[in-house]
Amino acid sequence: MYDPPRQESFLRSIAKYQTGVDTEAQSRALDEPDLATALAMATGAPQGGRSAGFESLGRSAASHVVLVAAAALLGLAAGAGAGYSHPPTYTAQQQIIVGRTAGLAENEIPGLAQAVQDLASNYARLISNSEVISDVDSKLHTPSLPGGLTATPVPNSSVIDVIATAPSRAQAISLANAGGAALVSVITQVTNDGQAQLAPIVASYQREDGLAEKATTEANFYQSELNILVTKIGSSTPTPPQQAQEQSLNNKIAKWQTQADLLRLQADAEQSDYNSALPPLETQDEMVQQVGTPLYSSNNRNSYIEVGGLAGVVGGLVIGMAGAGLIDTRRGRASGAARAR
C-alpha cells in the first residue's frame, strides 16, 4: 500500500547517501507512487530494466569509441598471440591402393571394380586394429603412438587415405608412413589366410584339369589311329581283323573322351568355387600397396590464431564497453555532487 509519509522517510534516508544524483530527481522520487520507480529515481539507477541498461551502455560505448576500439585491438593482439603460441597439430597423408596389379586391370574381371571399392572401405576400418597399432609402435620404436592415426576410403575409388596427426611435421610424416605400411602388412596377412583357404580348391582344379587334358590327348590319339584305319580300308569291305581293330579304337575313343568330359566338368565346378571366393587368388598379387611417399598436408596453427583472435576481440569489446560505462558513471556522480554543492 502506498504510504507517502513512510515512503518519504525511506527515500530521504537513502538519498542522503547518493551524492551523485540530481536533487530534482530525488525530489520527484518523493512524489512517485511506485516504490520501485521512486527508488530508482532516488539512487540514480537506470529506469526501464535491462533494456535501459543496455541503452546506457551503448551510449557510453559510442561516447568512447577510441577506448572501445583500442581495447578490441589489444584483445585481438593478445588472443592472436595466445593462439600462435599454442602448439599446433601437424597432418600428413599416405595413400594405399587396393586391387591393382601389374598384369591385371580391374575391368578385366566383371564386378571387380566394385569389389575392390568395398574392400577398400572394409580395409580402412582395420587402422584401429591392435595389430596395426602394435606394428606402428614397433616401426617407430615408441611405446605408444606419437599422435593420431585414421584411415578413410576415397569415395568411388579403391584408394585409402591414411591420415596421421602429430606435434611436429616430421613425426606426422613418419607416423603416416608407418601407419600405411602397418595397414598393408595386416591386410596382406588377412588375404594370405584367404589364400590358404583357397589353396585346396586350386590344387584340385589343377589336378583335374591336368587329367582332363591327358584324357583328351588319349582320345585324340585313338581318333587319329581310327582315321588312318578308315583311310586304309577305303571303299573296300573291311576284313574281320580290321573290323575288330575299328571297334577297339572306337571303344578307346569313347572311354577317354567320356573320362575327359567328366574331369572337365569337375574342373569347371572347382573353378566356379574358386571364382565365387572374393577376392580371387589372382587379384591377391600385390592386392594392397602404398602409393608414393607420405605427404605433409597442413597444420592448424592458423585455426588457433583465428579462434584466439576472435575471443580476444570479444573480450576486448566487453572490457572496453565496461570501461566506458564506468567512466560515464563516475562522471555522472561527480557532476551530481558538483551540482549538489
# chains A, B, ... in the order shown; residues from 1 in each chain; ligands from 1
call {"tool": "select_by_dssp", "arguments": {"residues": "range 159-284 of chain A", "states": "strand (DSSP E or B)", "output": "MDAnalysis selection string"}}
result
chainID A and resid 159:166
call {"tool": "write_last_selection", "arguments": {"atoms": "C-alpha atoms", "output": "short mmCIF file (atom, residue, chain, number, x, y, z; two decimals), in the first residue's frame"}}
result
data_model
loop_
_atom_site.label_atom_id
_atom_site.label_comp_id
_atom_site.auth_asym_id
_atom_site.auth_seq_id
_atom_site.Cartn_x
_atom_site.Cartn_y
_atom_site.Cartn_z
CA VAL A 159 42.21 -45.73 -52.67
CA ILE A 160 42.57 -45.44 -48.88
CA ASP A 161 43.90 -42.24 -47.28
CA VAL A 162 45.91 -42.94 -44.13
CA ILE A 163 45.96 -39.66 -42.17
CA ALA A 164 48.38 -39.03 -39.30
CA THR A 165 48.40 -36.10 -36.86
CA ALA A 166 51.34 -35.33 -34.58
#
call {"tool": "residues_around", "arguments": {"residues": "Gln257 in chain A", "least_positions_apart": "4", "cutoff": "10 Å", "atoms": "only C-alpha atoms", "output": "list of chain:residue names"}}
result
A:Ala212, A:Ala215, A:Thr216, A:Thr217, A:Glu218, A:Ala219, A:Asn220, A:Asn251, A:Lys252, A:Ile253, A:Asp261, A:Leu262, A:Leu263
call {"tool": "write_last_selection", "arguments": {"atoms": "N, CA and C atoms", "output": "compact mmCIF listing (two decimals), in the first residue's frame"}}
result
# COMPACT_ATOMS: atom_id res chain seq x y z
N ALA A 212 42.15 -84.11 -67.29
CA ALA A 212 41.24 -83.92 -68.42
C ALA A 212 42.03 -83.71 -69.71
N ALA A 215 43.40 -87.11 -70.77
CA ALA A 215 42.35 -87.96 -71.35
C ALA A 215 42.00 -87.48 -72.75
N THR A 216 41.95 -86.18 -72.93
CA THR A 216 41.65 -85.63 -74.25
C THR A 216 42.75 -86.00 -75.25
N THR A 217 43.99 -85.97 -74.78
CA THR A 217 45.10 -86.34 -75.66
C THR A 217 45.00 -87.81 -76.10
N GLU A 218 44.64 -88.66 -75.12
CA GLU A 218 44.49 -90.08 -75.45
C GLU A 218 43.35 -90.28 -76.46
N ALA A 219 42.26 -89.60 -76.22
CA ALA A 219 41.12 -89.73 -77.14
C ALA A 219 41.50 -89.26 -78.53
N ASN A 220 42.23 -88.17 -78.60
CA ASN A 220 42.67 -87.65 -79.91
C ASN A 220 43.64 -88.63 -80.60
N ASN A 251 35.98 -97.94 -79.06
CA ASN A 251 35.77 -98.11 -77.61
C ASN A 251 36.75 -97.26 -76.80
N LYS A 252 38.00 -97.29 -77.26
CA LYS A 252 39.02 -96.49 -76.55
C LYS A 252 38.73 -95.00 -76.65
N ILE A 253 38.31 -94.58 -77.84
CA ILE A 253 37.97 -93.15 -78.02
C ILE A 253 36.83 -92.77 -77.08
N ASP A 261 35.57 -85.62 -70.47
CA ASP A 261 34.39 -84.78 -70.23
C ASP A 261 34.05 -84.70 -68.73
N LEU A 262 34.14 -85.85 -68.05
CA LEU A 262 33.83 -85.85 -66.62
C LEU A 262 34.84 -85.03 -65.83
N LEU A 263 36.12 -85.20 -66.18
CA LEU A 263 37.16 -84.44 -65.48
C LEU A 263 37.03 -82.94 -65.76
call {"tool": "closest_residue", "arguments": {"among": "A:Leu317, A:Ile173, A:Ala267, A:Val184", "to": "Gln206 in chain A", "atoms": "only C-alpha atoms"}}
result
A:Ala267
call {"tool": "residues_around", "arguments": {"residues": "Ile127 in chain A", "least_positions_apart": "6", "cutoff": "7 Å", "atoms": "only C-alpha atoms", "output": "ChimeraX atom specification"}}
result
/A:150-151,183
call {"tool": "residues_around", "arguments": {"residues": "Tyr205 in chain A", "least_positions_apart": "5", "cutoff": "9 Å", "atoms": "only C-alpha atoms", "output": "list in words"}}
result
Pro200, Gly210, Gln266, Ala267, Asp268, Ala269, Glu270, Gln271 and Tyr274 of chain A
call {"tool": "write_last_selection", "arguments": {"atoms": "C-alpha atoms", "output": "mmCIF file, in the first residue's frame"}}
result
data_model
loop_
_atom_site.group_PDB
_atom_site.id
_atom_site.type_symbol
_atom_site.label_atom_id
_atom_site.label_comp_id
_atom_site.auth_asym_id
_atom_site.auth_seq_id
_atom_site.Cartn_x
_atom_site.Cartn_y
_atom_site.Cartn_z
ATOM 1 C CA PRO A 200 42.990 -76.828 -51.836
ATOM 2 C CA GLY A 210 45.620 -81.901 -65.983
ATOM 3 C CA GLN A 266 34.703 -81.405 -62.205
ATOM 4 C CA ALA A 267 37.424 -78.866 -63.025
ATOM 5 C CA ASP A 268 34.770 -76.338 -64.104
ATOM 6 C CA ALA A 269 32.993 -76.855 -60.772
ATOM 7 C CA GLU A 270 36.249 -76.182 -58.904
ATOM 8 C CA GLN A 271 36.830 -73.078 -60.995
ATOM 9 C CA TYR A 274 37.295 -70.506 -56.856
#
call {"tool": "atom_distance", "arguments": {"atom1": "CA of Ser130 in chain A", "atom2": "CA of Gln94 in chain A"}}
result
19.5 Å
call {"tool": "atom_distance", "arguments": {"atom1": "CA of Ser297 in chain A", "atom2": "CA of Thr91 in chain A"}}
result
5.4 Å
call {"tool": "atom_distance", "arguments": {"atom1": "CA of Ile187 in chain A", "atom2": "CA of Tyr90 in chain A"}}
result
26.8 Å
call {"tool": "select_by_dssp", "arguments": {"residues": "range 223-319 of chain A", "states": "helix (DSSP H, G or I)", "output": "ChimeraX atom specification"}}
result
/A:223-233,240-276,281-283,301-319
call {"tool": "closest_residue", "arguments": {"among": "A:Phe221, A:Ser60, A:Gly75, A:Val68", "to": "Leu310 in chain A", "atoms": "only C-alpha atoms"}}
result
A:Gly75
call {"tool": "residues_around", "arguments": {"residues": "Ser157 in chain A", "least_positions_apart": "4", "cutoff": "10 Å", "atoms": "only C-alpha atoms", "output": "short mmCIF file (atom, residue, chain, number, x, y, z; two decimals) with N, CA and C atoms, in the first residue's frame"}}
result
data_model
loop_
_atom_site.label_atom_id
_atom_site.label_comp_id
_atom_site.auth_asym_id
_atom_site.auth_seq_id
_atom_site.Cartn_x
_atom_site.Cartn_y
_atom_site.Cartn_z
N ILE A 97 46.48 -48.22 -52.24
CA ILE A 97 45.56 -48.60 -53.30
C ILE A 97 45.28 -50.10 -53.20
N VAL A 98 44.05 -50.47 -53.47
CA VAL A 98 43.59 -51.86 -53.33
C VAL A 98 43.28 -52.42 -54.71
N ALA A 113 35.82 -54.03 -60.04
CA ALA A 113 35.97 -52.63 -59.65
C ALA A 113 35.15 -52.32 -58.40
N GLN A 114 33.89 -52.75 -58.38
CA GLN A 114 33.04 -52.53 -57.21
C GLN A 114 33.55 -53.34 -56.02
N VAL A 116 36.67 -54.17 -55.24
CA VAL A 116 37.83 -53.57 -54.59
C VAL A 116 37.45 -52.29 -53.86
N GLN A 117 36.42 -51.57 -54.34
CA GLN A 117 35.94 -50.41 -53.60
C GLN A 117 35.37 -50.82 -52.25
N ASP A 118 34.62 -51.91 -52.26
CA ASP A 118 34.08 -52.43 -50.99
C ASP A 118 35.22 -52.90 -50.09
N ALA A 120 38.27 -51.71 -50.06
CA ALA A 120 38.94 -50.52 -49.54
C ALA A 120 38.20 -49.97 -48.33
N SER A 121 36.87 -49.95 -48.41
CA SER A 121 36.07 -49.46 -47.28
C SER A 121 36.25 -50.36 -46.07
N PRO A 153 38.43 -44.30 -46.79
CA PRO A 153 38.39 -44.67 -48.21
C PRO A 153 37.94 -43.48 -49.06
#
call {"tool": "residues_around", "arguments": {"residues": "Gly315 in chain A", "least_positions_apart": "2", "cutoff": "10 Å", "atoms": "only C-alpha atoms", "output": "list of chain:residue names"}}
result
A:Ala71, A:Ala72, A:Leu74, A:Gly75, A:Leu76, A:Gly79, A:Gly309, A:Leu310, A:Ala311, A:Gly312, A:Val313, A:Leu317, A:Val318, A:Ile319, A:Gly320, A:Met321
call {"tool": "write_last_selection", "arguments": {"atoms": "N, CA and C atoms", "output": "compact mmCIF listing (two decimals), in the first residue's frame"}}
result
# COMPACT_ATOMS: atom_id res chain seq x y z
N ALA A 71 40.64 -1.25 -26.90
CA ALA A 71 40.51 -2.48 -26.12
C ALA A 71 40.30 -3.68 -27.03
N ALA A 72 39.51 -3.49 -28.10
CA ALA A 72 39.27 -4.59 -29.04
C ALA A 72 40.56 -4.96 -29.77
N LEU A 74 43.66 -4.46 -28.71
CA LEU A 74 44.56 -5.12 -27.75
C LEU A 74 44.12 -6.56 -27.51
N GLY A 75 42.79 -6.74 -27.40
CA GLY A 75 42.29 -8.10 -27.23
C GLY A 75 42.61 -8.97 -28.42
N LEU A 76 42.49 -8.40 -29.63
CA LEU A 76 42.82 -9.14 -30.85
C LEU A 76 44.28 -9.57 -30.84
N GLY A 79 44.81 -12.22 -28.08
CA GLY A 79 44.23 -13.50 -28.45
C GLY A 79 44.98 -14.17 -29.57
N GLY A 309 42.16 -14.90 -31.79
CA GLY A 309 41.89 -13.51 -32.16
C GLY A 309 40.43 -13.14 -31.97
N LEU A 310 39.53 -14.04 -32.37
CA LEU A 310 38.10 -13.76 -32.20
C LEU A 310 37.73 -13.63 -30.73
N ALA A 311 38.25 -14.55 -29.91
CA ALA A 311 37.97 -14.48 -28.48
C ALA A 311 38.55 -13.21 -27.88
N GLY A 312 39.74 -12.82 -28.36
CA GLY A 312 40.36 -11.59 -27.86
C GLY A 312 39.55 -10.35 -28.22
N VAL A 313 39.04 -10.31 -29.45
CA VAL A 313 38.22 -9.16 -29.87
C VAL A 313 36.97 -9.05 -29.01
N LEU A 317 36.17 -6.01 -26.53
CA LEU A 317 34.96 -5.19 -26.63
C LEU A 317 34.22 -5.13 -25.30
N VAL A 318 34.12 -6.27 -24.64
CA VAL A 318 33.43 -6.31 -23.35
C VAL A 318 34.15 -5.43 -22.34
N ILE A 319 35.48 -5.56 -22.27
CA ILE A 319 36.25 -4.74 -21.33
C ILE A 319 36.16 -3.27 -21.69
N GLY A 320 36.27 -2.96 -23.00
CA GLY A 320 36.18 -1.56 -23.42
C GLY A 320 34.84 -0.94 -23.10
N MET A 321 33.74 -1.65 -23.38
CA MET A 321 32.41 -1.12 -23.08
C MET A 321 32.18 -0.99 -21.58
call {"tool": "closest_residue", "arguments": {"among": "A:Val314, A:Ala178, A:Leu229, A:Ala124", "to": "Val288 in chain A", "atoms": "only C-alpha atoms"}}
result
A:Ala124
